[in-house]
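Text of the file upload29.cif, holding mmCIF, C-alpha atoms:
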data_my_file
#
loop_
_atom_site.label_atom_id
_atom_site.label_comp_id
_atom_site.auth_asym_id
_atom_site.auth_seq_id
_atom_site.Cartn_x
_atom_site.Cartn_y
_atom_site.Cartn_z
CA MET A 1172 -7.84 12.15 -27.82
CA ALA A 1173 -4.26 10.97 -27.58
CA THR A 1174 -4.19 7.53 -26.03
CA LYS A 1175 -0.88 5.94 -25.24
CA ARG A 1176 -1.74 2.58 -26.66
CA ASN A 1177 1.65 1.00 -26.33
CA GLU A 1178 2.51 2.15 -22.83
CA SER A 1179 3.01 -0.75 -20.45
CA ILE A 1180 -0.10 -0.91 -18.29
CA SER A 1181 -0.31 -2.89 -15.09
CA ASP A 1182 -2.37 -6.03 -15.09
CA ALA A 1183 -4.60 -4.60 -12.35
CA VAL A 1184 -5.61 -1.67 -14.57
CA ILE A 1185 -6.27 -3.95 -17.53
CA ARG A 1186 -8.42 -6.14 -15.31
CA ARG A 1187 -10.52 -3.10 -14.40
CA LEU A 1188 -11.07 -1.88 -17.96
CA PRO A 1189 -13.81 -4.40 -18.81
CA ARG A 1190 -15.55 -3.39 -15.59
CA TYR A 1191 -15.43 0.28 -16.61
CA TYR A 1192 -16.85 -0.78 -19.93
CA ARG A 1193 -19.75 -2.62 -18.28
CA HIS A 1194 -20.55 0.19 -15.87
CA LEU A 1195 -20.45 2.81 -18.60
CA SER A 1196 -22.72 0.61 -20.75
CA GLU A 1197 -25.22 0.46 -17.89
CA LEU A 1198 -25.11 4.25 -17.49
CA LEU A 1199 -25.73 4.66 -21.22
CA ALA A 1200 -28.64 2.20 -21.05
CA ASN A 1201 -30.08 4.45 -18.32
CA ASN A 1202 -29.65 7.54 -20.52
CA ILE A 1203 -26.96 9.06 -18.33
CA SER A 1204 -24.63 11.07 -20.52
CA ARG A 1205 -22.08 12.52 -18.07
CA VAL A 1206 -20.36 11.00 -15.06
CA SER A 1207 -17.71 12.25 -12.63
CA SER A 1208 -14.76 10.13 -11.54
CA GLY A 1209 -16.31 10.08 -8.06
CA GLU A 1210 -19.66 8.74 -9.24
CA LEU A 1211 -18.05 6.15 -11.50
CA GLY A 1212 -15.69 5.08 -8.72
CA LYS A 1213 -18.50 4.75 -6.20
CA GLU A 1214 -20.33 2.26 -8.38
CA MET A 1215 -17.16 0.26 -8.83
CA GLY A 1216 -15.81 0.42 -5.28
CA LEU A 1217 -12.90 2.70 -6.29
CA THR A 1218 -11.90 6.20 -5.20
CA ALA A 1219 -12.25 9.15 -7.56
CA SER A 1220 -8.49 9.50 -7.71
CA GLN A 1221 -8.05 5.82 -8.57
CA VAL A 1222 -10.48 6.23 -11.46
CA ARG A 1223 -8.64 9.33 -12.72
CA GLN A 1224 -5.32 7.55 -12.39
CA ASP A 1225 -6.58 4.51 -14.30
CA LEU A 1226 -7.93 6.57 -17.15
CA ASN A 1227 -4.82 8.77 -17.26
CA HIS A 1228 -2.83 5.73 -18.39
CA PHE A 1229 -4.63 6.11 -21.67
CA GLY A 1230 -4.27 9.86 -21.92
CA GLY A 1231 -7.22 10.77 -19.68
CA PHE A 1232 -10.53 11.70 -21.20
CA GLY A 1233 -12.16 13.91 -18.58
CA GLN A 1234 -12.43 17.63 -18.20
CA GLN A 1235 -11.86 19.11 -14.74
CA GLY A 1236 -15.24 19.93 -13.20
CA TYR A 1237 -17.27 18.52 -16.07
CA GLY A 1238 -16.61 14.82 -15.65
CA TYR A 1239 -16.59 12.36 -18.49
CA SER A 1240 -18.87 11.96 -21.47
CA VAL A 1241 -20.23 8.46 -20.88
CA SER A 1242 -20.47 7.52 -24.54
CA ASN A 1243 -17.04 8.95 -25.47
CA LEU A 1244 -15.35 7.23 -22.55
CA ARG A 1245 -17.09 3.96 -23.34
CA ASP A 1246 -16.04 4.17 -26.99
CA GLU A 1247 -12.45 4.91 -25.97
CA ILE A 1248 -12.36 1.94 -23.61
CA ALA A 1249 -13.85 -0.25 -26.34
CA ARG A 1250 -11.01 0.93 -28.57
CA ILE A 1251 -8.39 0.24 -25.89
CA LEU A 1252 -9.82 -3.26 -25.33
CA CYS A 1253 -9.87 -3.67 -29.12
CA ILE A 1254 -13.54 -4.63 -29.16
CA ASP A 1255 -14.13 -1.86 -31.69
CA MET A 1256 -12.80 -4.38 -34.21
CA LYS A 1257 -14.35 -7.71 -35.13
CA HIS A 1258 -12.88 -10.91 -33.69
CA ARG A 1259 -13.79 -14.32 -35.04
CA LEU A 1260 -13.88 -17.27 -32.65
CA VAL A 1261 -14.09 -21.02 -33.06
CA VAL A 1262 -15.12 -23.26 -30.18
CA ILE A 1263 -13.37 -26.61 -29.80
CA GLY A 1264 -15.54 -29.04 -27.86
CA ALA A 1265 -19.33 -29.14 -28.24
CA GLY A 1266 -20.07 -30.53 -24.79
CA SER A 1267 -22.40 -28.63 -22.51
CA LEU A 1268 -19.86 -25.89 -21.69
CA GLY A 1269 -18.71 -25.47 -25.30
CA GLY A 1270 -22.32 -25.39 -26.39
CA ALA A 1271 -23.19 -22.77 -23.78
CA LEU A 1272 -20.26 -20.59 -24.85
CA ALA A 1273 -21.25 -20.91 -28.52
CA LYS A 1274 -24.70 -19.56 -27.63
CA TYR A 1275 -23.57 -16.92 -25.12
CA PRO A 1276 -25.55 -13.78 -25.95
CA ASN A 1277 -23.12 -11.13 -24.67
CA PHE A 1278 -20.36 -11.78 -27.17
CA ALA A 1279 -22.02 -10.29 -30.24
CA LYS A 1280 -22.43 -6.91 -28.52
CA ARG A 1281 -18.64 -6.78 -28.25
CA ASN A 1282 -17.93 -7.65 -31.89
CA LEU A 1283 -17.03 -11.21 -30.91
CA GLU A 1284 -18.44 -13.65 -33.43
CA ILE A 1285 -18.48 -17.41 -32.95
CA ILE A 1286 -18.14 -18.71 -36.50
CA ALA A 1287 -17.80 -22.47 -35.92
CA ILE A 1288 -17.84 -25.22 -33.32
CA PHE A 1289 -15.95 -28.50 -33.58
CA ASP A 1290 -16.04 -31.87 -31.84
CA GLN A 1291 -14.56 -35.31 -32.35
CA ASP A 1292 -17.56 -37.27 -31.07
CA PRO A 1293 -19.60 -38.69 -34.01
CA SER A 1294 -22.76 -38.56 -31.88
CA VAL A 1295 -22.38 -34.77 -31.56
CA ILE A 1296 -21.07 -33.88 -35.05
CA GLY A 1297 -23.87 -32.53 -37.24
CA LYS A 1298 -26.01 -31.38 -34.31
CA LYS A 1299 -27.30 -27.82 -34.27
CA ILE A 1300 -26.12 -25.45 -31.53
CA GLY A 1301 -27.76 -22.07 -31.91
CA ASP A 1302 -27.20 -21.20 -35.57
CA LEU A 1303 -24.15 -23.44 -35.94
CA ILE A 1304 -23.76 -27.06 -37.00
CA VAL A 1305 -21.11 -28.99 -35.04
CA LEU A 1306 -18.24 -29.79 -37.44
CA PRO A 1307 -15.83 -32.72 -37.15
CA VAL A 1308 -12.52 -31.63 -35.66
CA THR A 1309 -10.78 -33.29 -38.62
CA LYS A 1310 -12.07 -30.33 -40.67
CA LEU A 1311 -10.42 -27.75 -38.41
CA ASP A 1312 -7.25 -27.25 -40.50
CA ASP A 1313 -9.21 -26.76 -43.65
CA PHE A 1314 -11.69 -24.42 -42.01
CA VAL A 1315 -9.04 -22.16 -40.49
CA LYS A 1316 -7.17 -22.01 -43.78
CA HIS A 1317 -10.27 -20.67 -45.50
CA HIS A 1318 -11.71 -18.46 -42.72
CA PRO A 1319 -9.79 -15.95 -40.65
CA VAL A 1320 -9.94 -17.04 -36.99
CA ASP A 1321 -8.64 -14.80 -34.19
CA ILE A 1322 -9.45 -16.81 -31.09
CA GLY A 1323 -9.83 -20.51 -30.34
CA VAL A 1324 -12.03 -21.40 -27.37
CA LEU A 1325 -10.98 -24.65 -25.68
CA ALA A 1326 -13.80 -26.53 -23.94
CA ILE A 1327 -12.18 -29.96 -24.08
CA PRO A 1328 -10.65 -32.30 -21.48
CA LYS A 1329 -7.32 -31.11 -20.13
CA ASP A 1330 -5.30 -33.95 -21.64
CA GLN A 1331 -6.19 -32.71 -25.13
CA ALA A 1332 -5.83 -28.99 -24.43
CA LYS A 1333 -2.09 -28.54 -24.91
CA LEU A 1334 -2.03 -30.32 -28.26
CA MET A 1335 -5.05 -28.42 -29.53
CA ALA A 1336 -3.59 -25.06 -28.45
CA LYS A 1337 -0.40 -25.93 -30.33
CA LYS A 1338 -2.37 -26.92 -33.42
CA LEU A 1339 -4.43 -23.73 -33.39
CA SER A 1340 -1.31 -21.66 -32.91
CA GLU A 1341 0.40 -23.40 -35.85
CA LEU A 1342 -2.66 -22.65 -37.95
CA GLY A 1343 -2.14 -18.96 -37.18
CA VAL A 1344 -4.76 -18.48 -34.46
CA LYS A 1345 -3.31 -15.83 -32.16
CA GLY A 1346 -5.56 -16.10 -29.09
CA ILE A 1347 -6.57 -19.05 -26.93
CA TRP A 1348 -9.44 -18.79 -24.45
CA ASN A 1349 -8.86 -21.88 -22.36
CA PHE A 1350 -11.57 -23.48 -20.22
CA SER A 1351 -9.73 -26.79 -19.90
CA SER A 1352 -8.60 -27.46 -16.38
CA THR A 1353 -4.89 -26.89 -17.01
CA ASP A 1354 -2.74 -23.78 -17.25
CA LEU A 1355 -1.56 -23.36 -20.81
CA GLU A 1356 1.62 -21.34 -21.03
CA MET A 1357 2.27 -18.80 -23.74
CA GLU A 1358 5.78 -20.09 -24.50
CA GLU A 1359 4.37 -23.46 -25.46
CA THR A 1360 1.85 -22.11 -27.88
CA ALA A 1361 3.22 -18.78 -29.21
CA ALA A 1362 -0.33 -17.53 -28.81
CA VAL A 1363 -1.86 -15.28 -26.17
CA VAL A 1364 -3.67 -17.43 -23.63
CA GLU A 1365 -6.40 -16.49 -21.18
CA ASN A 1366 -7.11 -19.35 -18.78
CA VAL A 1367 -10.56 -19.54 -17.18
CA HIS A 1368 -10.70 -21.97 -14.29
CA LEU A 1369 -14.26 -22.19 -13.06
CA THR A 1370 -13.46 -24.51 -10.15
CA ASP A 1371 -10.68 -22.15 -8.99
CA SER A 1372 -13.27 -19.42 -8.70
CA LEU A 1373 -15.60 -21.71 -6.80
CA MET A 1374 -12.79 -22.73 -4.41
CA ARG A 1375 -12.08 -19.07 -3.66
CA LEU A 1376 -15.72 -18.81 -2.74
CA THR A 1377 -15.64 -21.84 -0.43
CA TYR A 1378 -12.52 -20.38 1.21
CA ARG A 1379 -14.21 -17.04 1.81
CA LEU A 1380 -17.37 -18.71 3.10
CA HIS A 1381 -15.40 -20.01 6.08
CA ASN A 1382 -12.71 -17.36 6.66
CA MET B 565 0.44 -29.38 11.34
CA ALA B 566 -0.49 -26.04 12.82
CA THR B 567 -2.13 -23.89 10.19
CA LYS B 568 -2.99 -20.32 10.99
CA ARG B 569 -6.46 -20.51 9.60
CA ASN B 570 -7.68 -17.11 10.70
CA GLU B 571 -4.64 -15.08 9.73
CA SER B 572 -5.44 -12.44 7.15
CA ILE B 573 -4.10 -13.71 3.84
CA SER B 574 -3.63 -11.50 0.80
CA ASP B 575 -6.02 -11.98 -2.07
CA ALA B 576 -3.09 -12.83 -4.38
CA VAL B 577 -2.15 -15.81 -2.19
CA ILE B 578 -5.74 -17.02 -2.02
CA ARG B 579 -5.98 -16.78 -5.79
CA ARG B 580 -2.94 -19.05 -6.09
CA LEU B 581 -4.18 -21.74 -3.70
CA PRO B 582 -6.56 -23.40 -6.19
CA ARG B 583 -3.68 -23.49 -8.68
CA TYR B 584 -1.46 -25.23 -6.13
CA TYR B 585 -4.28 -27.66 -5.58
CA ARG B 586 -4.58 -28.39 -9.30
CA HIS B 587 -0.86 -28.81 -9.83
CA LEU B 588 -0.50 -31.09 -6.82
CA SER B 589 -3.45 -33.16 -8.07
CA GLU B 590 -1.68 -33.58 -11.41
CA LEU B 591 1.52 -34.67 -9.66
CA LEU B 592 -0.45 -37.20 -7.63
CA ALA B 593 -2.14 -38.50 -10.78
CA ASN B 594 1.37 -39.03 -12.17
CA ASN B 595 2.40 -40.95 -9.02
CA ILE B 596 4.85 -38.28 -7.88
CA SER B 597 4.96 -38.31 -4.10
CA ARG B 598 7.49 -35.59 -3.22
CA VAL B 599 8.09 -32.16 -4.72
CA SER B 600 10.47 -29.30 -3.89
CA SER B 601 9.35 -25.68 -3.75
CA GLY B 602 11.55 -25.09 -6.80
CA GLU B 603 9.91 -27.83 -8.88
CA LEU B 604 6.41 -26.78 -7.84
CA GLY B 605 7.23 -23.14 -8.55
CA LYS B 606 8.64 -23.90 -11.98
CA GLU B 607 5.40 -25.54 -13.09
CA MET B 608 3.42 -22.58 -11.85
CA GLY B 609 5.69 -19.77 -13.02
CA LEU B 610 6.72 -18.85 -9.46
CA THR B 611 10.09 -18.77 -7.71
CA ALA B 612 10.94 -21.34 -5.03
CA SER B 613 10.97 -18.60 -2.41
CA GLN B 614 7.53 -17.36 -3.48
CA VAL B 615 6.17 -20.89 -3.08
CA ARG B 616 7.73 -21.24 0.38
CA GLN B 617 6.40 -17.81 1.36
CA ASP B 618 2.89 -18.68 0.16
CA LEU B 619 2.80 -21.94 2.07
CA ASN B 620 4.32 -20.36 5.19
CA HIS B 621 1.14 -18.29 5.55
CA PHE B 622 -0.51 -21.51 6.59
CA GLY B 623 2.27 -22.71 8.84
CA GLY B 624 4.50 -24.19 6.13
CA PHE B 625 4.40 -27.88 5.42
CA GLY B 626 7.83 -28.60 3.97
CA GLN B 627 11.01 -29.95 5.46
CA GLN B 628 14.29 -28.25 4.48
CA GLY B 629 16.04 -30.41 1.90
CA TYR B 630 13.23 -32.96 1.61
CA GLY B 631 10.57 -30.90 -0.10
CA TYR B 632 6.88 -31.47 0.38
CA SER B 633 4.82 -34.62 0.51
CA VAL B 634 2.50 -34.11 -2.46
CA SER B 635 -0.49 -35.83 -0.90
CA ASN B 636 -0.11 -34.14 2.50
CA LEU B 637 0.28 -30.73 0.95
CA ARG B 638 -2.69 -31.30 -1.33
CA ASP B 639 -4.83 -32.40 1.62
CA GLU B 640 -3.78 -29.37 3.63
CA ILE B 641 -4.64 -27.02 0.77
CA ALA B 642 -7.98 -28.77 0.35
CA ARG B 643 -8.57 -28.12 4.05
CA ILE B 644 -7.56 -24.45 3.75
CA LEU B 645 -9.87 -24.02 0.76
CA CYS B 646 -12.55 -25.83 2.77
CA ILE B 647 -13.19 -28.37 0.02
CA ASP B 648 -12.57 -31.12 2.56
CA MET B 649 -16.17 -30.46 3.61
CA LYS B 650 -19.26 -30.90 1.50
CA HIS B 651 -20.95 -27.87 -0.06
CA ARG B 652 -24.41 -28.02 -1.56
CA LEU B 653 -25.23 -25.81 -4.51
CA VAL B 654 -28.40 -24.82 -6.31
CA VAL B 655 -28.32 -23.33 -9.80
CA ILE B 656 -30.77 -20.55 -10.64
CA GLY B 657 -31.37 -20.38 -14.36
CA ALA B 658 -31.53 -23.48 -16.55
CA GLY B 659 -30.44 -21.81 -19.79
CA SER B 660 -27.44 -23.15 -21.63
CA LEU B 661 -24.90 -21.74 -19.15
CA GLY B 662 -26.85 -22.84 -16.06
CA GLY B 663 -27.33 -26.25 -17.63
CA ALA B 664 -23.61 -26.56 -18.41
CA LEU B 665 -22.70 -25.61 -14.83
CA ALA B 666 -25.19 -28.13 -13.43
CA LYS B 667 -23.44 -30.85 -15.42
CA TYR B 668 -19.86 -29.67 -14.87
CA PRO B 669 -17.83 -32.77 -14.02
CA ASN B 670 -15.07 -31.18 -11.92
CA PHE B 671 -17.26 -30.07 -9.04
CA ALA B 672 -17.93 -33.47 -7.50
CA LYS B 673 -14.19 -34.12 -7.07
CA ARG B 674 -14.10 -31.10 -4.79
CA ASN B 675 -17.07 -32.07 -2.64
CA LEU B 676 -19.27 -29.59 -4.45
CA GLU B 677 -22.68 -31.07 -5.09
CA ILE B 678 -25.33 -29.49 -7.30
CA ILE B 679 -28.57 -30.56 -5.63
CA ALA B 680 -31.16 -28.63 -7.66
CA ILE B 681 -31.68 -26.33 -10.63
CA PHE B 682 -34.49 -23.80 -10.97
CA ASP B 683 -36.04 -21.77 -13.76
CA GLN B 684 -39.11 -19.61 -14.29
CA ASP B 685 -39.72 -20.60 -17.90
CA PRO B 686 -42.56 -23.16 -18.17
CA SER B 687 -41.00 -24.60 -21.33
CA VAL B 688 -37.86 -25.51 -19.35
CA ILE B 689 -39.39 -26.59 -16.02
CA GLY B 690 -39.58 -30.37 -15.77
CA LYS B 691 -36.77 -30.98 -18.27
CA LYS B 692 -33.92 -33.24 -17.28
CA ILE B 693 -30.41 -31.80 -16.98
CA GLY B 694 -27.93 -34.51 -16.06
CA ASP B 695 -29.56 -36.25 -13.10
CA LEU B 696 -31.67 -33.24 -12.11
CA ILE B 697 -35.18 -32.16 -13.08
CA VAL B 698 -35.58 -28.39 -13.55
CA LEU B 699 -37.81 -27.09 -10.76
CA PRO B 700 -40.03 -23.99 -10.90
CA VAL B 701 -38.38 -21.04 -9.17
CA THR B 702 -41.59 -20.59 -7.17
CA LYS B 703 -40.52 -23.72 -5.26
CA LEU B 704 -37.16 -22.23 -4.26
CA ASP B 705 -38.20 -21.00 -0.79
CA ASP B 706 -39.72 -24.31 0.11
CA PHE B 707 -36.74 -26.26 -1.22
CA VAL B 708 -34.13 -24.24 0.68
CA LYS B 709 -36.16 -24.51 3.88
CA HIS B 710 -36.03 -28.30 3.64
CA HIS B 711 -32.52 -28.82 2.23
CA PRO B 712 -29.34 -27.17 3.46
CA VAL B 713 -27.91 -25.03 0.63
CA ASP B 714 -24.49 -23.40 0.92
CA ILE B 715 -24.09 -21.72 -2.45
CA GLY B 716 -26.49 -20.29 -5.00
CA VAL B 717 -25.23 -20.16 -8.59
CA LEU B 718 -26.77 -17.31 -10.60
CA ALA B 719 -27.05 -17.93 -14.33
CA ILE B 720 -29.88 -15.51 -14.98
CA PRO B 721 -30.16 -12.14 -16.76
CA LYS B 722 -28.52 -9.29 -14.90
CA ASP B 723 -31.75 -7.42 -14.18
CA GLN B 724 -32.92 -10.35 -12.02
CA ALA B 725 -29.60 -11.08 -10.33
CA LYS B 726 -29.71 -8.56 -7.48
CA LEU B 727 -33.19 -9.57 -6.36
CA MET B 728 -32.36 -13.28 -6.52
CA ALA B 729 -29.13 -12.81 -4.55
CA LYS B 730 -31.11 -10.96 -1.89
CA LYS B 731 -33.73 -13.70 -1.77
CA LEU B 732 -31.14 -16.46 -1.45
CA SER B 733 -29.35 -14.53 1.26
CA GLU B 734 -32.61 -14.06 3.18
CA LEU B 735 -33.21 -17.79 2.91
CA GLY B 736 -29.86 -18.32 4.63
CA VAL B 737 -27.68 -19.17 1.64
CA LYS B 738 -24.23 -17.82 2.50
CA GLY B 739 -22.44 -17.92 -0.85
CA ILE B 740 -23.36 -16.55 -4.27
CA TRP B 741 -21.49 -17.61 -7.38
CA ASN B 742 -22.63 -14.98 -9.84
CA PHE B 743 -22.43 -15.42 -13.62
CA SER B 744 -24.91 -12.62 -14.33
CA SER B 745 -23.27 -9.71 -16.07
CA THR B 746 -23.39 -7.33 -13.10
CA ASP B 747 -21.18 -6.90 -10.04
CA LEU B 748 -23.13 -7.96 -6.97
CA GLU B 749 -21.81 -6.33 -3.83
CA MET B 750 -21.55 -8.11 -0.52
CA GLU B 751 -23.15 -5.31 1.46
CA GLU B 752 -26.33 -5.63 -0.57
CA THR B 753 -26.70 -9.33 0.01
CA ALA B 754 -24.98 -10.16 3.33
CA ALA B 755 -23.60 -13.18 1.50
CA VAL B 756 -20.13 -13.85 0.14
CA VAL B 757 -20.16 -13.18 -3.59
CA GLU B 758 -17.80 -14.41 -6.27
CA ASN B 759 -18.50 -12.71 -9.59
CA VAL B 760 -17.49 -14.50 -12.79
CA HIS B 761 -17.59 -12.26 -15.84
CA LEU B 762 -16.84 -14.33 -18.90
CA THR B 763 -16.87 -11.40 -21.30
CA ASP B 764 -14.41 -9.50 -19.07
CA SER B 765 -12.00 -12.37 -19.47
CA LEU B 766 -12.50 -12.39 -23.22
CA MET B 767 -11.93 -8.62 -23.40
CA ARG B 768 -8.63 -9.00 -21.54
CA LEU B 769 -7.71 -11.49 -24.24
CA THR B 770 -8.62 -9.15 -27.10
CA TYR B 771 -6.58 -6.42 -25.38
CA ARG B 772 -3.54 -8.64 -25.08
CA LEU B 773 -3.91 -9.84 -28.67
CA HIS B 774 -3.13 -6.33 -29.87
CA ASN B 775 -0.82 -4.92 -27.19
#
How would this structure read if it were set down as structure tokens?
Amino acid sequence: MATKRNESISDAVIRRLPRYYRHLSELLANNISRVSSGELGKEMGLTASQVRQDLNHFGGFGQQGYGYSVSNLRDEIARILCIDMKHRLVVIGAGSLGGALAKYPNFAKRNLEIIAIFDQDPSVIGKKIGDLIVLPVTKLDDFVKHHPVDIGVLAIPKDQAKLMAKKLSELGVKGIWNFSSTDLEMEETAAVVENVHLTDSLMRLTYRLHN
Amino acid sequence: MATKRNESISDAVIRRLPRYYRHLSELLANNISRVSSGELGKEMGLTASQVRQDLNHFGGFGQQGYGYSVSNLRDEIARILCIDMKHRLVVIGAGSLGGALAKYPNFAKRNLEIIAIFDQDPSVIGKKIGDLIVLPVTKLDDFVKHHPVDIGVLAIPKDQAKLMAKKLSELGVKGIWNFSSTDLEMEETAAVVENVHLTDSLMRLTYRLHN
């Protein structure tokens, strides 16, 4: 299947791809092997034509009248999202959020492996989180030099986030998954940044509760 | 200031409001009392006219040539996002993610109060998480009947999420903040749902790492 990997895809489509992946995984778990664009769209709140349009960005994988092979389509989307390859993550900050992320069960299924967790607090260093021992952040440079790391996960206070992102980027880490309550910009870090602002999400909810 | 609270606002604008709130809070913390649409936009990666347009949805708060009062604008946005009023939350699921959410420090600043956390696992019930004791989920009905609860936070496996959302909704809880790896739909629950899919965010990052 010829996918157009380097075509410029709108952010809205990219945002939907992980949802396709989840829905297709659920279909597979229920032993459903074929799905039409209409059925897939219905589950996701999209029209059949929107689904076809989305998937056409990547070359389209369906056959008119036969629908999509669930496992093929899921594999293709995994390839597009690059979760067919292994990514190694380190978590910076072993507080309760960092600890929860280090133990999050859904990452492994997507080839995302947390290989280390760091903190600066002596009372936390050496503690066990899942299968990992919390390392002192002073060992970060050395660790990254000896282990390939693709993504740094920031679960630290916002006043330390910018500096840490810069450090990780200088060490060659290409991706930053930022949970600190500040927007890190790509220009500053030369890395790809995905900001997750939990309170922003909660404020959207409070807005919608009353409007 | 006359805000048009019930006007239909695009989702993109609503998504930006919490960011305005965060940036204005940072300005305030740095003792900056006035800001122009251009300065505010620059920090957020928006044009001055986009900022003015966004804020005009709510009646506009600026004065030509004088910019915005940081504290007034921040208060107005707090009011629009309804975080000027108290919201009471319960967390369902006292695993590592639920526990981290129950202890998350940024909620209190926004009038969001976690008042209870529930689990079904006897080995977890009775444990202390922050200032809370994990309660058995069998006590949920009784608790909600005696305490006003605005938002239920779901940090449970996806196969239990739909049923729990329905239960909370039937108990009169109007908002669901869903961390379970499934899209809950509003029609099913009659509540307002905000889905947070952490692995979706991470998959967007892996995509952008390679594209």
Shell of 10 Å around stretch 702-715 of chain B, all atoms listed in the file, local chain residues under 6 positions omitted, as an MDAnalysis selection string
(chainID A and resid 1373 1376:1377 1380) or (chainID B and resid 650:656 676:684 731:741 755:757)
12 Å contact set for B:Gly609, all atoms listed in the file, chain neighbours under 5 positions out, as a PyMOL selection string
(chain A and resi 1354-1358) or (chain B and resi 580+583-584+587+601-604+614-615)
Distance-based interface of chain A with chain B, 8 Å, counting only C-alpha atoms, as an MDAnalysis selection string:
chainID A and resid 1176:1177 1185:1186 1189:1190 1193 1251:1254 1267:1268 1270:1272 1274:1275 1277:1278 1345:1346 1348 1353 1363:1365 1367 1370:1382
For this structure, which residues satisfy the selection - the PyMOL selection byres ((chain A and resi 1207) around 10) - when it is evaluated on the file as given? I want them as an NGL selection string.
:A and (1205-1206 or 1208-1213 or 1219 or 1222-1223 or 1233-1241)
State, in Å with one decimal place, the distance from atom CA of B:Ala725 to atom CA of B:Ala658.
14.0 Å
Between atom CA of A:His1228 and atom CA of A:Ser1181, distance in Å (one decimal)
9.6 Å
